[in-house]
Amino acid sequence: MQNTWLITGPPGCGKTNWIRDSFLKHPGSCAYLRLCGSDQEGLEQGHNAGIDSAWLQDQIPELLDLATTATAPLPAGHRLVLIEVQQFQPPSNSSPNGIDPHVLRQLERFNLRPDRTLHFGLDPELPQEDVLNFKRLESWHRNLQGCVWDPNSLSSFWFELVNGAYGDVYRAKALMNLPDGRSFLCNWMVSQQSSQILPLESVEPPAGRSNRTSQLVVQGRALDPAGIQSTINDCLLTDDDLELHQAQLRNRQHSFQAKG
């Protein structure tokens with residue numbers, strides 16, 4: 001038996017967190033797919049940078065990402081397939097007949113047909129507190145794979161970013177790598193009182209640059225991409241600085257092991 005649900009809603013409404021909670025409650029196998037939504041006049045979609053899928057797979061290691069394993073058969077049993085789409089306006093109705101044609105074409109490529117659709121802001125069983133009606137929205141993103149942040153500089157940059165130093169940021173999400181092998185999900189929504197800064201479960205050894213997903217996606221108004229980029233450049237560790245940080249970490253680890 002397979003349940004295939006399409007989950008849509010505007011930026012920052014809580015789609016990925018709701019999907020994570022639904023997977024954790026589900027007793028059978030689970031699969032996830034993030035599709036690209038449609039731009040509207042004055043409203044730019046946030047780039048599908050793989051942040052959500054990387055975060056979900058870190059939290060649920062057995063989760064299948066259909067974007068990379070679409071041809072692999074799902075395990076037998078009670079399967080739950082959740083498909084996420086950023087969609088600014090609610091559909092005409094919450095039945096499969098109300099699915100955006102742009103989304104339908106993508107679903108056909110994966111041979112998927114939802115038997116249920118849920119939209120944040122339309123269906124009462126979904127949380128409502130972060131559902132905002134955006135009138136204008138710009139988007140900017142940066143691929144940070146292989147980049148490692150100075151920890152103190154990352155904290156300062158994120159504070160500046162979400163507090164208006166580079167334009168009116170309504171939504172920001174990122175995966176950031178630190179020199180000690182940890183990675184953090186940084187999550188901001190203008191309707192929330194503070195950012196979520198959540199560590200990934202997986203920690204890599206402090207030995208060079210990580211190849212895992214690291215991205216930044218920002219949505220807002222009057223954004224200053226050049227200013228964001230300039231500050232990012234100042235916050236990232238060079239190869240020499242990274243080795244200095246990691247050599248100290250390795251030496252402390254070796255000393256602790258020797259005492260044990």
# chains A, B, ... in the order shown; residues from 1 in each chain; ligands from 1

$ closest_atom_pairs --of "region 118-186 of chain A" --to "region 88-112 of chain A" --cutoff "8 Å" --atoms "only C-alpha atoms" --output "tab-separated table"
residue	atom	partner	partner_atom	distance
A:Leu118	CA	A:Ser94	CA	6.3
A:His119	CA	A:Pro90	CA	6.4
A:Phe120	CA	A:Pro90	CA	7.8
A:Gly121	CA	A:Pro90	CA	7.1
A:Leu122	CA	A:Pro90	CA	6.4
A:Asp123	CA	A:Ser94	CA	7.7
A:Asn133	CA	A:Phe88	CA	7.5
A:Phe134	CA	A:Phe88	CA	7.3

$ write_last_selection --atoms "all heavy atoms" --output "PDB file, in the first residue's frame"
ATOM      1  N   LEU A 118      -2.369  18.740   0.210  1.00  0.00           N
ATOM      2  CA  LEU A 118      -2.564  19.580   1.390  1.00  0.00           C
ATOM      3  C   LEU A 118      -1.809  20.893   1.172  1.00  0.00           C
ATOM      4  O   LEU A 118      -0.643  20.887   0.763  1.00  0.00           O
ATOM      5  CB  LEU A 118      -2.034  18.889   2.645  1.00  0.00           C
ATOM      6  CG  LEU A 118      -2.795  17.641   3.121  1.00  0.00           C
ATOM      7  CD1 LEU A 118      -1.986  16.902   4.175  1.00  0.00           C
ATOM      8  CD2 LEU A 118      -4.156  18.031   3.684  1.00  0.00           C
ATOM      9  N   HIS A 119      -2.478  22.012   1.447  1.00  0.00           N
ATOM     10  CA  HIS A 119      -1.856  23.321   1.253  1.00  0.00           C
ATOM     11  C   HIS A 119      -1.913  24.111   2.557  1.00  0.00           C
ATOM     12  O   HIS A 119      -2.976  24.258   3.164  1.00  0.00           O
ATOM     13  CB  HIS A 119      -2.565  24.109   0.148  1.00  0.00           C
ATOM     14  CG  HIS A 119      -1.926  25.434  -0.139  1.00  0.00           C
ATOM     15  ND1 HIS A 119      -0.881  25.581  -1.025  1.00  0.00           N
ATOM     16  CD2 HIS A 119      -2.172  26.673   0.362  1.00  0.00           C
ATOM     17  CE1 HIS A 119      -0.516  26.853  -1.073  1.00  0.00           C
ATOM     18  NE2 HIS A 119      -1.279  27.535  -0.235  1.00  0.00           N
ATOM     19  N   PHE A 120      -0.741  24.614   3.001  1.00  0.00           N
ATOM     20  CA  PHE A 120      -0.688  25.466   4.182  1.00  0.00           C
ATOM     21  C   PHE A 120      -1.426  26.773   3.894  1.00  0.00           C
ATOM     22  O   PHE A 120      -1.116  27.477   2.927  1.00  0.00           O
ATOM     23  CB  PHE A 120       0.763  25.767   4.550  1.00  0.00           C
ATOM     24  CG  PHE A 120       1.447  24.662   5.306  1.00  0.00           C
ATOM     25  CD1 PHE A 120       1.851  23.501   4.660  1.00  0.00           C
ATOM     26  CD2 PHE A 120       1.691  24.779   6.660  1.00  0.00           C
ATOM     27  CE1 PHE A 120       2.483  22.475   5.355  1.00  0.00           C
ATOM     28  CE2 PHE A 120       2.318  23.765   7.368  1.00  0.00           C
ATOM     29  CZ  PHE A 120       2.710  22.603   6.712  1.00  0.00           C
ATOM     30  N   GLY A 121      -2.405  27.087   4.726  1.00  0.00           N
ATOM     31  CA  GLY A 121      -3.233  28.256   4.510  1.00  0.00           C
ATOM     32  C   GLY A 121      -4.597  27.907   3.953  1.00  0.00           C
ATOM     33  O   GLY A 121      -5.488  28.767   3.899  1.00  0.00           O
ATOM     34  N   LEU A 122      -4.788  26.655   3.555  1.00  0.00           N
ATOM     35  CA  LEU A 122      -6.075  26.209   3.017  1.00  0.00           C
ATOM     36  C   LEU A 122      -6.660  25.076   3.850  1.00  0.00           C
ATOM     37  O   LEU A 122      -7.849  25.094   4.183  1.00  0.00           O
ATOM     38  CB  LEU A 122      -5.912  25.769   1.559  1.00  0.00           C
ATOM     39  CG  LEU A 122      -7.171  25.245   0.861  1.00  0.00           C
ATOM     40  CD1 LEU A 122      -8.214  26.354   0.739  1.00  0.00           C
ATOM     41  CD2 LEU A 122      -6.831  24.686  -0.525  1.00  0.00           C
ATOM     42  N   ASP A 123      -5.839  24.103   4.201  1.00  0.00           N
ATOM     43  CA  ASP A 123      -6.327  22.924   4.916  1.00  0.00           C
ATOM     44  C   ASP A 123      -6.169  23.120   6.419  1.00  0.00           C
ATOM     45  O   ASP A 123      -5.047  23.344   6.900  1.00  0.00           O
ATOM     46  CB  ASP A 123      -5.574  21.681   4.441  1.00  0.00           C
ATOM     47  CG  ASP A 123      -5.905  21.342   2.996  1.00  0.00           C
ATOM     48  OD1 ASP A 123      -6.977  20.768   2.778  1.00  0.00           O
ATOM     49  OD2 ASP A 123      -5.104  21.678   2.104  1.00  0.00           O
ATOM     50  N   ASN A 133       1.030  36.058   3.323  1.00  0.00           N
ATOM     51  CA  ASN A 133       0.615  36.369   1.958  1.00  0.00           C
ATOM     52  C   ASN A 133       1.609  37.372   1.370  1.00  0.00           C
ATOM     53  O   ASN A 133       1.536  38.570   1.651  1.00  0.00           O
ATOM     54  CB  ASN A 133      -0.804  36.936   1.953  1.00  0.00           C
ATOM     55  CG  ASN A 133      -1.311  37.205   0.545  1.00  0.00           C
ATOM     56  OD1 ASN A 133      -0.755  36.700  -0.427  1.00  0.00           O
ATOM     57  ND2 ASN A 133      -2.349  38.008   0.441  1.00  0.00           N
ATOM     58  N   PHE A 134       2.546  36.880   0.592  1.00  0.00           N
ATOM     59  CA  PHE A 134       3.596  37.734   0.039  1.00  0.00           C
ATOM     60  C   PHE A 134       3.089  38.487  -1.189  1.00  0.00           C
ATOM     61  O   PHE A 134       2.444  37.905  -2.062  1.00  0.00           O
ATOM     62  CB  PHE A 134       4.817  36.894  -0.355  1.00  0.00           C
ATOM     63  CG  PHE A 134       5.498  36.235   0.809  1.00  0.00           C
ATOM     64  CD1 PHE A 134       5.213  34.919   1.149  1.00  0.00           C
ATOM     65  CD2 PHE A 134       6.423  36.926   1.574  1.00  0.00           C
ATOM     66  CE1 PHE A 134       5.838  34.302   2.221  1.00  0.00           C
ATOM     67  CE2 PHE A 134       7.050  36.321   2.658  1.00  0.00           C
ATOM     68  CZ  PHE A 134       6.757  35.009   2.973  1.00  0.00           C
TER      69      PHE A 134
END

$ closest_atom_pairs --of "region 118-203 of chain A" --to "region 217-239 of chain A" --cutoff "7 Å" --atoms "only C-alpha atoms" --output "JSON lines"
{"residue": "A:Leu137", "atom": "CA", "partner": "A:Gly220", "partner_atom": "CA", "distance": 5.2}
{"residue": "A:Glu138", "atom": "CA", "partner": "A:Gly220", "partner_atom": "CA", "distance": 5.2}
{"residue": "A:Ser139", "atom": "CA", "partner": "A:Gln219", "partner_atom": "CA", "distance": 4.4}
{"residue": "A:Trp140", "atom": "CA", "partner": "A:Val218", "partner_atom": "CA", "distance": 5.2}
{"residue": "A:His141", "atom": "CA", "partner": "A:Val217", "partner_atom": "CA", "distance": 4.3}
{"residue": "A:Arg142", "atom": "CA", "partner": "A:Val217", "partner_atom": "CA", "distance": 6.7}
{"residue": "A:Cys147", "atom": "CA", "partner": "A:Leu236", "partner_atom": "CA", "distance": 6.6}
{"residue": "A:Val148", "atom": "CA", "partner": "A:Leu236", "partner_atom": "CA", "distance": 5.7}
{"residue": "A:Trp149", "atom": "CA", "partner": "A:Leu236", "partner_atom": "CA", "distance": 4.6}
{"residue": "A:Asp150", "atom": "CA", "partner": "A:Cys235", "partner_atom": "CA", "distance": 5.9}
{"residue": "A:Ser153", "atom": "CA", "partner": "A:Cys235", "partner_atom": "CA", "distance": 5.3}
{"residue": "A:Leu154", "atom": "CA", "partner": "A:Cys235", "partner_atom": "CA", "distance": 6.6}
{"residue": "A:Tyr166", "atom": "CA", "partner": "A:Asp224", "partner_atom": "CA", "distance": 4.9}
{"residue": "A:Gly167", "atom": "CA", "partner": "A:Leu223", "partner_atom": "CA", "distance": 4.3}
{"residue": "A:Asp168", "atom": "CA", "partner": "A:Arg221", "partner_atom": "CA", "distance": 5.1}
{"residue": "A:Val169", "atom": "CA", "partner": "A:Gly220", "partner_atom": "CA", "distance": 4.3}
{"residue": "A:Tyr170", "atom": "CA", "partner": "A:Gly220", "partner_atom": "CA", "distance": 4.8}
{"residue": "A:Arg171", "atom": "CA", "partner": "A:Gln219", "partner_atom": "CA", "distance": 5.0}
{"residue": "A:Ala172", "atom": "CA", "partner": "A:Val218", "partner_atom": "CA", "distance": 4.5}
{"residue": "A:Lys173", "atom": "CA", "partner": "A:Val217", "partner_atom": "CA", "distance": 5.4}
{"residue": "A:Ala174", "atom": "CA", "partner": "A:Val217", "partner_atom": "CA", "distance": 6.3}

$ write_last_selection --atoms "N, CA, C and O atoms" --output "CSV table (one decimal), in the first residue's frame"
chain,number,residue,atom,x,y,z
A,137,LEU,N,8.5,39.5,-3.7
A,137,LEU,CA,9.6,38.7,-3.1
A,137,LEU,C,10.7,38.5,-4.1
A,137,LEU,O,10.5,38.0,-5.2
A,138,GLU,N,11.9,38.8,-3.7
A,138,GLU,CA,13.1,38.6,-4.5
A,138,GLU,C,13.8,37.3,-3.9
A,138,GLU,O,13.5,37.0,-2.7
A,139,SER,N,14.6,36.7,-4.7
A,139,SER,CA,15.3,35.5,-4.2
A,139,SER,C,16.8,35.5,-4.6
A,139,SER,O,17.1,36.0,-5.7
A,140,TRP,N,17.6,35.0,-3.8
A,140,TRP,CA,19.1,34.9,-4.1
A,140,TRP,C,19.6,33.7,-3.4
A,140,TRP,O,19.2,33.3,-2.3
A,141,HIS,N,20.5,33.0,-4.0
A,141,HIS,CA,21.1,31.8,-3.4
A,141,HIS,C,22.6,31.7,-3.7
A,141,HIS,O,23.1,32.4,-4.7
A,142,ARG,N,23.3,31.0,-2.9
A,142,ARG,CA,24.8,30.8,-3.1
A,142,ARG,C,25.1,29.3,-2.7
A,142,ARG,O,24.7,28.8,-1.7
A,147,CYS,N,32.9,25.0,1.4
A,147,CYS,CA,33.2,26.1,2.2
A,147,CYS,C,33.1,25.8,3.7
A,147,CYS,O,32.3,25.0,4.1
A,148,VAL,N,34.0,26.4,4.5
A,148,VAL,CA,34.0,26.2,5.9
A,148,VAL,C,34.1,27.5,6.6
A,148,VAL,O,34.9,28.4,6.2
A,149,TRP,N,33.2,27.8,7.6
A,149,TRP,CA,33.0,29.1,8.2
A,149,TRP,C,33.8,29.2,9.5
A,149,TRP,O,34.0,28.2,10.2
A,150,ASP,N,34.4,30.3,9.7
A,150,ASP,CA,34.9,30.7,11.0
A,150,ASP,C,33.7,30.8,11.9
A,150,ASP,O,32.7,31.5,11.6
A,153,SER,N,32.4,34.2,13.1
A,153,SER,CA,32.0,35.0,11.9
A,153,SER,C,30.7,34.6,11.4
A,153,SER,O,29.8,35.4,11.0
A,154,LEU,N,30.4,33.3,11.5
A,154,LEU,CA,29.1,32.8,11.0
A,154,LEU,C,28.0,33.3,11.9
A,154,LEU,O,26.9,33.8,11.3
A,166,TYR,N,21.4,43.5,4.8
A,166,TYR,CA,21.5,43.3,3.4
A,166,TYR,C,20.2,43.3,2.7
A,166,TYR,O,19.9,42.6,1.7
A,167,GLY,N,19.3,44.1,3.2
A,167,GLY,CA,17.9,44.2,2.7
A,167,GLY,C,16.9,43.6,3.7
A,167,GLY,O,17.3,43.1,4.7
A,168,ASP,N,15.6,43.7,3.3
A,168,ASP,CA,14.6,43.1,4.1
A,168,ASP,C,14.4,41.6,3.9
A,168,ASP,O,13.8,41.2,2.9
A,169,VAL,N,15.1,40.8,4.7
A,169,VAL,CA,15.0,39.4,4.6
A,169,VAL,C,13.8,38.8,5.3
A,169,VAL,O,13.6,39.0,6.5
A,170,TYR,N,12.9,38.2,4.5
A,170,TYR,CA,11.7,37.6,5.0
A,170,TYR,C,12.0,36.1,5.3
A,170,TYR,O,11.4,35.5,6.3
A,171,ARG,N,12.8,35.5,4.6
A,171,ARG,CA,13.0,34.0,4.7
A,171,ARG,C,14.5,33.7,4.3
A,171,ARG,O,15.0,34.2,3.3
A,172,ALA,N,15.2,32.9,5.2
A,172,ALA,CA,16.5,32.5,4.9
A,172,ALA,C,16.7,31.1,5.5
A,172,ALA,O,16.2,30.8,6.6
A,173,LYS,N,17.4,30.3,4.7
A,173,LYS,CA,17.7,28.9,5.1
A,173,LYS,C,19.0,28.6,4.6
A,173,LYS,O,19.4,28.9,3.5
A,174,ALA,N,19.8,27.8,5.4
A,174,ALA,CA,21.1,27.4,5.0
A,174,ALA,C,21.6,26.2,5.7
A,174,ALA,O,21.1,25.8,6.8

$ residues_around --residues "Cys186 (chain A)" --least-positions-apart "4" --cutoff "10 Å" --atoms "only C-alpha atoms" --output "tab-separated table (two decimals) with N, CA, C and O atoms, in the first residue's frame"
chain	number	residue	atom	x	y	z
A	158	TRP	N	25.02	35.73	10.27
A	158	TRP	CA	23.61	35.34	10.28
A	158	TRP	C	22.77	36.39	11.00
A	158	TRP	O	21.67	36.73	10.54
A	172	ALA	N	15.16	32.95	5.21
A	172	ALA	CA	16.54	32.53	4.95
A	172	ALA	C	16.72	31.13	5.48
A	172	ALA	O	16.24	30.79	6.57
A	173	LYS	N	17.39	30.31	4.68
A	173	LYS	CA	17.65	28.93	5.09
A	173	LYS	C	19.03	28.55	4.56
A	173	LYS	O	19.40	28.92	3.45
A	174	ALA	N	19.79	27.81	5.38
A	174	ALA	CA	21.14	27.45	4.96
A	174	ALA	C	21.60	26.19	5.67
A	174	ALA	O	21.12	25.85	6.76
A	175	LEU	N	22.55	25.51	5.05
A	175	LEU	CA	23.36	24.48	5.68
A	175	LEU	C	24.79	24.97	5.66
A	175	LEU	O	25.33	25.28	4.58
A	176	MET	N	25.44	25.07	6.82
A	176	MET	CA	26.77	25.66	6.95
A	176	MET	C	27.72	24.69	7.65
A	176	MET	O	27.36	24.07	8.65
A	195	SER	N	15.85	32.77	15.14
A	195	SER	CA	16.27	31.77	14.17
A	195	SER	C	16.34	30.39	14.81
A	195	SER	O	16.57	30.25	16.02
A	196	GLN	N	16.15	29.37	13.99
A	196	GLN	CA	16.50	28.01	14.37
A	196	GLN	C	17.94	27.76	13.95
A	196	GLN	O	18.29	27.98	12.79
A	197	ILE	N	18.78	27.32	14.86
A	197	ILE	CA	20.15	26.91	14.55
A	197	ILE	C	20.27	25.47	15.04
A	197	ILE	O	20.45	25.24	16.24
A	198	LEU	N	20.18	24.52	14.14
A	198	LEU	CA	20.07	23.11	14.51
A	198	LEU	C	21.24	22.31	13.97
A	198	LEU	O	21.53	22.37	12.77
A	199	PRO	N	21.95	21.56	14.82
A	199	PRO	CA	23.07	20.75	14.33
A	199	PRO	C	22.59	19.52	13.60
A	199	PRO	O	21.58	18.90	13.97
A	216	LEU	N	22.99	28.43	0.75
A	216	LEU	CA	22.27	29.53	1.39
A	216	LEU	C	21.21	30.02	0.42
A	216	LEU	O	21.51	30.29	-0.76

$ select_by_dssp --residues "region 29-257 of chain A" --states "strand (DSSP E)" --output "PyMOL selection string"
chain A and resi 30-35+64-65+79-86+116-119+138-143+168-177+183-189+196-199+215-221

$ atom_distance --atom1 "CA of Asp241 (chain A)" --atom2 "CA of Thr213 (chain A)"
21.4 Å

$ closest_residue --among "A:Asn251, A:Ser183, A:Ser156, A:Gln86" --to "Val203 (chain A)" --atoms "only C-alpha atoms"
A:Ser183

$ atom_distance --atom1 "CA of Gln128 (chain A)" --atom2 "CA of Cys13 (chain A)"
7.5 Å

$ residues_around --residues "region 22-36 of chain A" --least-positions-apart "3" --cutoff "7 Å" --atoms "only C-alpha atoms" --output "PyMOL selection string"
chain A and resi 18-19+48+63-67+75+77-85

$ write_last_selection --atoms "C-alpha atoms" --output "PDB file, in the first residue's frame"
ATOM      1  CA  TRP A  18       5.659  19.047   9.111  1.00  0.00           C
ATOM      2  CA  ILE A  19       6.972  16.505   6.595  1.00  0.00           C
ATOM      3  CA  ASN A  48      15.675  24.349  -4.759  1.00  0.00           C
ATOM      4  CA  LEU A  63      14.620   8.055   3.889  1.00  0.00           C
ATOM      5  CA  LEU A  64      14.664   7.725   0.095  1.00  0.00           C
ATOM      6  CA  ASP A  65      15.160  10.921  -1.909  1.00  0.00           C
ATOM      7  CA  LEU A  66      13.260  10.305  -5.148  1.00  0.00           C
ATOM      8  CA  ALA A  67      15.177  13.097  -6.898  1.00  0.00           C
ATOM      9  CA  PRO A  75      10.743  -1.110   0.016  1.00  0.00           C
ATOM     10  CA  GLY A  77       5.145  -2.455   3.046  1.00  0.00           C
ATOM     11  CA  HIS A  78       3.182   0.604   4.034  1.00  0.00           C
ATOM     12  CA  ARG A  79       4.862   3.395   2.048  1.00  0.00           C
ATOM     13  CA  LEU A  80       4.453   7.126   2.534  1.00  0.00           C
ATOM     14  CA  VAL A  81       5.627   9.422  -0.268  1.00  0.00           C
ATOM     15  CA  LEU A  82       5.576  13.149   0.532  1.00  0.00           C
ATOM     16  CA  ILE A  83       6.175  15.684  -2.236  1.00  0.00           C
ATOM     17  CA  GLU A  84       7.014  19.279  -1.277  1.00  0.00           C
ATOM     18  CA  VAL A  85       6.375  22.341  -3.464  1.00  0.00           C
TER      19      VAL A  85
END

$ residues_around --residues "Asn211 (chain A)" --least-positions-apart "3" --cutoff "9 Å" --atoms "only C-alpha atoms" --output "ChimeraX atom specification"
/A:145-147,214

$ closest_residue --among "A:Gln215, A:Asp115, A:Gly46, A:Asn152" --to "Pro179 (chain A)" --atoms "only C-alpha atoms"
A:Asn152

$ atom_distance --atom1 "CA of Asn3 (chain A)" --atom2 "CA of Pro114 (chain A)"
7.9 Å

$ select_by_dssp --residues "region 146-198 of chain A" --states "alpha helix (DSSP H)" --output "VMD selection string"
chain A and resid 151 to 162

$ residues_around --residues "Ala207 (chain A)" --least-positions-apart "3" --cutoff "9 Å" --atoms "only C-alpha atoms" --output "ChimeraX atom specification"
/A:179-181,204,210,243,246-247,250

$ write_last_selection --atoms "N, CA and C atoms" --output "PDB file, in the first residue's frame"
ATOM      1  N   PRO A 179      34.685  24.092  11.087  1.00  0.00           N
ATOM      2  CA  PRO A 179      35.956  23.362  10.971  1.00  0.00           C
ATOM      3  C   PRO A 179      36.029  22.096  11.823  1.00  0.00           C
ATOM      4  N   ASP A 180      35.191  21.980  12.864  1.00  0.00           N
ATOM      5  CA  ASP A 180      35.247  20.788  13.714  1.00  0.00           C
ATOM      6  C   ASP A 180      34.453  19.616  13.150  1.00  0.00           C
ATOM      7  N   GLY A 181      33.938  19.767  11.914  1.00  0.00           N
ATOM      8  CA  GLY A 181      33.225  18.671  11.265  1.00  0.00           C
ATOM      9  C   GLY A 181      31.727  18.710  11.430  1.00  0.00           C
ATOM     10  N   GLU A 204      31.551  14.988  10.736  1.00  0.00           N
ATOM     11  CA  GLU A 204      32.681  14.457   9.980  1.00  0.00           C
ATOM     12  C   GLU A 204      33.983  14.708  10.740  1.00  0.00           C
ATOM     13  N   SER A 210      34.578  19.521   3.685  1.00  0.00           N
ATOM     14  CA  SER A 210      33.489  18.566   3.497  1.00  0.00           C
ATOM     15  C   SER A 210      32.913  18.681   2.091  1.00  0.00           C
ATOM     16  N   GLU A 243      43.364  24.406   8.224  1.00  0.00           N
ATOM     17  CA  GLU A 243      44.295  23.400   8.741  1.00  0.00           C
ATOM     18  C   GLU A 243      44.749  23.768  10.158  1.00  0.00           C
ATOM     19  N   GLN A 246      41.862  22.801  12.451  1.00  0.00           N
ATOM     20  CA  GLN A 246      41.658  21.352  12.543  1.00  0.00           C
ATOM     21  C   GLN A 246      42.843  20.640  13.180  1.00  0.00           C
ATOM     22  N   ALA A 247      44.053  21.148  12.997  1.00  0.00           N
ATOM     23  CA  ALA A 247      45.221  20.544  13.645  1.00  0.00           C
ATOM     24  C   ALA A 247      45.100  20.641  15.164  1.00  0.00           C
ATOM     25  N   ARG A 250      42.551  18.025  16.217  1.00  0.00           N
ATOM     26  CA  ARG A 250      43.104  16.669  16.163  1.00  0.00           C
ATOM     27  C   ARG A 250      44.075  16.421  17.311  1.00  0.00           C
TER      28      ARG A 250
END
